[in-house]
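Participant: What follows is target-v3.cif, made up of mmCIF, C-alpha atoms:
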```cif
data_data
loop_
_atom_site.label_atom_id
_atom_site.label_comp_id
_atom_site.auth_asym_id
_atom_site.auth_seq_id
_atom_site.Cartn_x
_atom_site.Cartn_y
_atom_site.Cartn_z
CA MET B 10 -68.59 -44.09 88.90
CA ARG B 11 -68.39 -45.13 85.26
CA GLU B 12 -70.38 -48.30 86.02
CA ALA B 13 -73.17 -46.23 87.52
CA ILE B 14 -73.34 -44.05 84.43
CA LEU B 15 -73.44 -47.03 82.12
CA ALA B 16 -76.11 -48.71 84.21
CA ASP B 17 -78.43 -45.75 83.64
CA LEU B 18 -78.14 -45.96 79.88
CA ARG B 19 -80.86 -47.72 77.91
CA GLY B 20 -78.61 -49.29 75.31
CA PRO B 21 -75.66 -47.62 73.58
CA ARG B 22 -75.88 -43.87 73.31
CA ARG B 23 -76.30 -42.44 69.82
CA ILE B 24 -74.04 -39.51 68.94
CA ARG B 25 -75.24 -36.47 67.02
CA ALA B 26 -72.25 -34.14 67.46
CA LEU B 27 -68.59 -34.86 68.20
CA ALA B 28 -66.16 -32.23 69.50
CA VAL B 29 -62.39 -32.59 69.33
CA LEU B 30 -60.20 -30.41 71.53
CA GLY B 31 -56.44 -30.48 71.28
CA ASP B 32 -53.27 -29.66 69.42
CA SER B 33 -51.85 -30.36 65.97
CA VAL B 34 -52.59 -34.08 66.21
CA GLY B 35 -56.27 -33.28 66.68
CA ALA B 36 -56.01 -30.86 63.77
CA GLY B 37 -54.89 -33.76 61.56
CA MET B 38 -51.26 -32.83 60.94
CA GLY B 39 -49.28 -35.69 59.49
CA ASP B 40 -52.20 -36.89 57.34
CA PRO B 41 -52.10 -34.56 54.33
CA VAL B 42 -54.92 -34.53 51.79
CA ALA B 43 -55.70 -32.18 48.97
CA GLY B 44 -56.44 -28.79 50.48
CA GLY B 45 -55.13 -29.42 53.99
CA TRP B 46 -55.15 -32.06 56.74
CA ARG B 47 -57.58 -34.86 57.55
CA GLY B 48 -56.47 -36.81 60.63
CA PHE B 49 -58.43 -39.00 63.00
CA ALA B 50 -61.32 -36.62 63.74
CA PRO B 51 -63.46 -37.07 60.59
CA LEU B 52 -62.73 -40.81 60.58
CA LEU B 53 -63.94 -41.09 64.17
CA ALA B 54 -67.00 -38.92 63.52
CA GLU B 55 -67.99 -41.18 60.65
CA ALA B 56 -67.58 -44.31 62.75
CA LEU B 57 -69.72 -42.80 65.52
CA GLY B 58 -72.39 -41.76 63.03
CA ALA B 59 -72.02 -38.15 64.16
CA ALA B 60 -73.73 -35.72 61.79
CA GLU B 61 -71.66 -32.82 63.13
CA LEU B 62 -67.95 -32.51 63.85
CA ALA B 63 -66.70 -29.49 65.80
CA ASN B 64 -62.91 -29.71 65.66
CA MET B 65 -61.45 -26.96 67.83
CA SER B 66 -57.88 -28.30 67.71
CA SER B 67 -55.04 -26.04 66.62
CA SER B 68 -51.35 -26.46 65.97
CA GLY B 69 -49.18 -25.68 68.99
CA ALA B 70 -52.11 -25.66 71.42
CA ARG B 71 -51.37 -26.26 75.06
CA VAL B 72 -53.67 -27.18 77.93
CA ALA B 73 -54.22 -23.48 78.69
CA ASP B 74 -55.43 -22.92 75.11
CA VAL B 75 -57.90 -25.76 75.38
CA HIS B 76 -59.13 -24.42 78.71
CA SER B 77 -59.51 -20.77 77.75
CA THR B 78 -60.38 -20.84 74.05
CA GLN B 79 -61.34 -24.26 72.74
CA LEU B 80 -63.61 -25.31 75.60
CA PRO B 81 -66.07 -22.38 75.29
CA ALA B 82 -66.28 -22.95 71.53
CA ALA B 83 -66.83 -26.69 72.01
CA LEU B 84 -69.61 -26.11 74.55
CA ARG B 85 -71.41 -23.86 72.06
CA ALA B 86 -71.51 -26.84 69.68
CA ALA B 87 -73.41 -28.87 72.34
CA PRO B 88 -71.53 -32.13 71.65
CA ASP B 89 -72.77 -35.56 72.74
CA ALA B 90 -69.17 -36.85 72.67
CA ALA B 91 -65.79 -35.19 72.99
CA VAL B 92 -62.14 -36.13 72.55
CA VAL B 93 -59.55 -34.23 74.60
CA LEU B 94 -56.02 -34.81 73.30
CA VAL B 95 -53.56 -32.27 74.64
CA GLY B 96 -50.52 -31.90 76.87
CA MET B 97 -47.52 -33.00 74.81
CA ASN B 98 -46.65 -29.42 73.89
CA ASP B 99 -46.65 -28.55 77.60
CA THR B 100 -44.05 -31.22 78.34
CA MET B 101 -41.54 -29.41 76.16
CA ARG B 102 -41.90 -25.94 77.70
CA TYR B 103 -39.95 -24.34 80.54
CA ASP B 104 -43.08 -23.58 82.59
CA PHE B 105 -44.36 -27.17 82.79
CA ASP B 106 -46.46 -27.42 85.97
CA PRO B 107 -48.42 -30.66 86.60
CA LEU B 108 -50.59 -29.10 89.33
CA ARG B 109 -51.70 -26.27 87.08
CA LEU B 110 -52.32 -28.67 84.21
CA ARG B 111 -54.43 -30.84 86.49
CA ARG B 112 -56.63 -27.93 87.53
CA MET B 113 -57.23 -26.85 83.95
CA LEU B 114 -57.83 -30.35 82.60
CA ALA B 115 -60.25 -31.06 85.46
CA ASP B 116 -62.16 -27.91 84.53
CA VAL B 117 -62.31 -29.00 80.88
CA LEU B 118 -63.59 -32.51 81.60
CA ARG B 119 -65.99 -31.25 84.28
CA ALA B 120 -67.54 -28.73 81.92
CA LEU B 121 -67.87 -31.20 79.04
CA THR B 122 -69.45 -33.93 81.15
CA ALA B 123 -71.76 -31.44 82.87
CA ALA B 124 -72.94 -30.38 79.40
CA GLY B 125 -73.86 -33.99 78.65
CA ALA B 126 -70.87 -35.10 76.58
CA THR B 127 -69.25 -38.50 76.89
CA VAL B 128 -65.52 -37.77 77.04
CA VAL B 129 -62.54 -39.82 75.95
CA THR B 130 -58.98 -38.61 76.46
CA VAL B 131 -55.54 -40.15 75.96
CA ARG B 132 -52.45 -40.95 77.97
CA TYR B 133 -49.21 -40.61 76.09
CA HIS B 134 -46.61 -42.99 74.71
CA ASP B 135 -42.83 -42.67 75.15
CA HIS B 136 -42.21 -40.22 72.35
CA ALA B 137 -38.45 -40.41 72.82
CA ARG B 138 -38.72 -43.84 71.16
CA VAL B 139 -40.20 -42.16 68.07
CA PHE B 140 -38.26 -38.89 67.89
CA ARG B 141 -34.73 -39.87 68.88
CA LEU B 142 -33.15 -37.52 71.42
CA PRO B 143 -29.80 -37.37 73.20
CA GLY B 144 -29.78 -39.14 76.56
CA PRO B 145 -30.28 -36.13 78.88
CA LEU B 146 -33.11 -34.75 76.72
CA ARG B 147 -34.73 -38.18 76.49
CA ASP B 148 -34.68 -38.60 80.26
CA ALA B 149 -36.10 -35.12 80.85
CA LEU B 150 -38.92 -35.64 78.35
CA THR B 151 -39.73 -39.08 79.77
CA ARG B 152 -40.05 -37.63 83.28
CA ARG B 153 -42.46 -34.99 82.06
CA ILE B 154 -44.57 -37.41 80.03
CA ASP B 155 -44.83 -39.65 83.10
CA ALA B 156 -45.99 -36.67 85.17
CA LEU B 157 -48.51 -35.67 82.50
CA ASN B 158 -49.87 -39.22 82.32
CA ARG B 159 -50.43 -39.27 86.07
CA VAL B 160 -52.43 -36.06 85.71
CA LEU B 161 -54.46 -37.49 82.82
CA ASP B 162 -55.16 -40.71 84.73
CA ASP B 163 -56.36 -38.82 87.81
CA VAL B 164 -58.59 -36.42 85.90
CA ALA B 165 -60.10 -39.15 83.73
CA ALA B 166 -60.90 -41.29 86.77
CA GLU B 167 -62.41 -38.31 88.61
CA HIS B 168 -64.78 -37.52 85.73
CA ALA B 169 -65.48 -41.06 84.45
CA ALA B 170 -63.83 -40.35 81.10
CA GLY B 171 -62.63 -43.07 78.79
CA VAL B 172 -58.88 -43.30 78.23
CA VAL B 173 -56.89 -44.52 75.23
CA ASP B 174 -53.36 -45.50 76.26
CA LEU B 175 -51.19 -44.56 73.29
CA ASP B 176 -48.32 -46.62 74.67
CA ARG B 177 -50.45 -49.74 74.07
CA LEU B 178 -51.74 -48.67 70.68
CA PRO B 179 -50.85 -51.44 68.21
CA GLY B 180 -48.02 -50.32 65.95
CA VAL B 181 -47.46 -47.02 67.76
CA TYR B 182 -43.68 -47.41 67.67
CA HIS B 183 -43.48 -48.62 64.06
CA PRO B 184 -42.07 -46.03 61.63
CA SER B 185 -45.09 -46.44 59.33
CA SER B 186 -47.32 -44.97 62.05
CA TRP B 187 -45.47 -41.66 61.93
CA SER B 188 -45.19 -38.87 59.41
CA VAL B 189 -41.97 -37.51 57.98
CA ASP B 190 -41.48 -35.22 61.00
CA ARG B 191 -41.75 -38.04 63.59
CA LEU B 192 -43.88 -35.67 65.67
CA HIS B 193 -47.30 -36.36 64.14
CA PRO B 194 -49.02 -39.60 63.15
CA SER B 195 -49.02 -40.64 59.51
CA GLU B 196 -52.29 -41.49 57.77
CA LEU B 197 -51.97 -45.01 59.18
CA GLY B 198 -51.21 -43.60 62.63
CA HIS B 199 -54.29 -41.38 62.53
CA ARG B 200 -56.40 -44.34 61.44
CA LEU B 201 -55.05 -46.46 64.30
CA LEU B 202 -55.84 -43.63 66.71
CA ALA B 203 -59.36 -43.19 65.34
CA ALA B 204 -60.04 -46.93 65.63
CA SER B 205 -58.82 -47.03 69.24
CA LEU B 206 -60.90 -43.99 70.16
CA ALA B 207 -63.96 -45.62 68.60
CA ASP B 208 -63.32 -48.78 70.63
CA GLU B 209 -63.04 -46.73 73.82
CA PHE B 210 -66.25 -44.82 73.12
CA GLU B 211 -67.99 -48.15 72.63
CA ALA B 212 -66.53 -49.38 75.93
CA VAL B 213 -68.07 -46.41 77.78
CA GLY B 214 -71.53 -46.94 76.31
CA VAL B 215 -71.55 -45.05 73.02
CA ALA B 216 -73.03 -46.57 69.88
CA VAL B 217 -70.43 -47.10 67.16
CA PRO B 218 -72.42 -48.04 64.03
CA GLY B 219 -69.42 -47.76 61.68
CA GLU B 220 -65.81 -48.79 61.73
CA VAL B 221 -62.49 -47.18 60.92
CA SER B 222 -60.64 -48.73 58.02
CA LEU B 223 -56.91 -49.18 58.53
CA GLU B 224 -56.32 -49.18 54.79
CA SER B 225 -54.51 -46.04 53.71
CA SER B 226 -56.46 -44.18 51.05
CA GLY B 227 -53.57 -42.64 49.19
CA GLY B 228 -52.80 -39.40 50.99
CA VAL B 229 -49.81 -37.35 49.92
CA ARG B 230 -46.75 -39.60 49.91
CA THR B 231 -43.28 -38.61 51.15
CA SER B 232 -39.85 -39.61 49.90
CA GLY B 233 -36.38 -39.91 51.41
CA PHE B 234 -35.65 -36.43 50.12
CA ASP B 235 -38.72 -35.14 52.00
CA HIS B 236 -37.29 -36.63 55.20
CA LEU B 237 -33.91 -34.97 54.67
CA ARG B 238 -35.47 -31.63 53.75
CA TRP B 239 -37.66 -31.71 56.85
CA LEU B 240 -34.70 -32.59 59.09
CA ILE B 241 -32.67 -29.61 57.85
CA ALA B 242 -35.48 -27.06 57.60
CA LYS B 243 -37.66 -28.01 60.56
CA GLY B 244 -36.32 -30.89 62.66
CA LEU B 245 -33.00 -29.46 63.78
CA PRO B 246 -34.39 -25.94 64.50
CA TRP B 247 -37.25 -27.52 66.48
CA LEU B 248 -34.81 -29.64 68.47
CA PHE B 249 -32.67 -26.60 69.24
CA VAL B 250 -35.62 -24.55 70.57
CA ARG B 251 -37.42 -27.29 72.48
CA GLY B 252 -34.21 -29.02 73.53
CA HIS B 253 -33.08 -25.82 75.24
CA ASP B 254 -36.12 -25.96 77.53
CA LEU B 255 -35.61 -29.64 78.27
CA VAL B 256 -31.89 -29.20 78.96
CA ARG B 257 -32.62 -26.55 81.59
CA TYR B 258 -35.20 -28.85 83.19
CA GLY B 259 -32.82 -31.83 83.10
CA LEU B 260 -30.06 -29.81 84.76
CA ARG B 261 -32.43 -28.74 87.55
CA VAL B 262 -33.39 -32.38 88.13
CA LEU B 263 -29.75 -33.47 88.27
CA LEU B 264 -28.89 -30.69 90.73
CA ARG B 265 -31.75 -31.71 93.00
CA LEU B 266 -30.61 -35.33 92.87
CA ASP B 267 -27.04 -34.33 93.75
CA ARG B 268 -28.26 -32.44 96.80
CA SER B 269 -30.49 -35.23 98.09
#
```
Could you write out this file's structure as structure tokens?
Facilitator:
Amino acid sequence: MREAILADLRGPRRIRALAVLGDSVGAGMGDPVAGGWRGFAPLLAEALGAAELANMSSSGARVADVHSTQLPAALRAAPDAAVVLVGMNDTMRYDFDPLRLRRMLADVLRALTAAGATVVTVRYHDHARVFRLPGPLRDALTRRIDALNRVLDDVAAEHAAGVVDLDRLPGVYHPSSWSVDRLHPSELGHRLLAASLADEFEAVGVAVPGEVSLESSGGVRTSGFDHLRWLIAKGLPWLFVRGHDLVRYGLRVLLRLDRS
């Protein structure tokens, strides 16, 4: 299907407006600049030569938020290209349901492509290699990420969307690619993501007149004390809340295995 779409194009497609739908990564968290967050979105927009960037991403967003709130707003922006980066927050909730996620993600990609946007999404890396978790939590999270990736693969193939595989992103498991919280990319991580998204857009027939520099531009730096402060104030409370959901899921999996 993708080949047929590309065959109809007369040269690479020029992009006027880029939409980004997703969670805190799309919102730029982990790449602090004066006055807020930057992240991959403006870097990608510049590389694509997009005059307009409609970033609908919000911290904590799940697939349902993208489907019900961000998608209508993105369609109003009439984008020529769109990035959909969402799902990791769903993997850490008690109501994780791959079938429901598939239906909603299919609706999102269907609506964006029907509106004329070229869509690129992502499949996720093994985040337990970045944010260290106890064995049972690691196994539970890995199972859910695998299930989410199968959903993302199916939906992307169905709607001829480009896919960036974060597991194969160069440097994705290096500490320098991650911010102090180990949940969001650092400035370098956001730049690596923007560069890979630009490459994927080019692969699906979009003109990419610029390039994403991998040189960090001097965003807010963090120290060892920042790491310790984050661990005490945010990391351990986060692990307690999200780990509780994953523990319940892991126990259900173990019980099913024992009965089989």
Participant: What does the distance between atom CA of B:Ser195 and atom CA of B:Val221 come to in Å, to one decimal place?
Facilitator: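 We find that atom CA of B:Ser195 and atom CA of B:Val221 lie 15.0 Å from each other.
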Participant: Name the residues captured by the PyMOL selection byres ((chain B and resi 29) around 10) when it is applied to the shown file; answer as a list in words.
Facilitator: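 After applying the PyMOL selection byres ((chain B and resi 29) around 10), what remains is Leu27, Ala28, Leu30, Gly31, Asp32, Gly35, Ala36, Phe49, Ala50, Pro51, Ala54, Leu62, Ala63, Asn64, Met65, Ser66, Gln79, Leu80, Ala83, Pro88, Ala90, Ala91, Val92, Val93, Leu94, Val128, Val129 and Thr130 of chain B.
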Participant: Which residue gives the smallest distance to B:Ser205 among B:Met97, B:Leu223, B:Leu146, B:Leu121, with only C-alpha atoms counted?
Facilitator: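 Ranked by minimum distance to B:Ser205, first place goes to B:Leu223.
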Participant: At what distance in Å, to one decimal, does atom CA of B:Leu108 lie from atom CA of B:Val160?
Facilitator: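 Those two atoms sit 8.1 Å apart.
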Participant: Give as number ranges by chain the residues that the PyMOL selection byres ((chain B and resi 158) around 12) matches when applied to the coordinates above.
Facilitator: B: 94-97, 100, 107, 110-111, 114, 130-135, 151-157, 159-165, 172-176
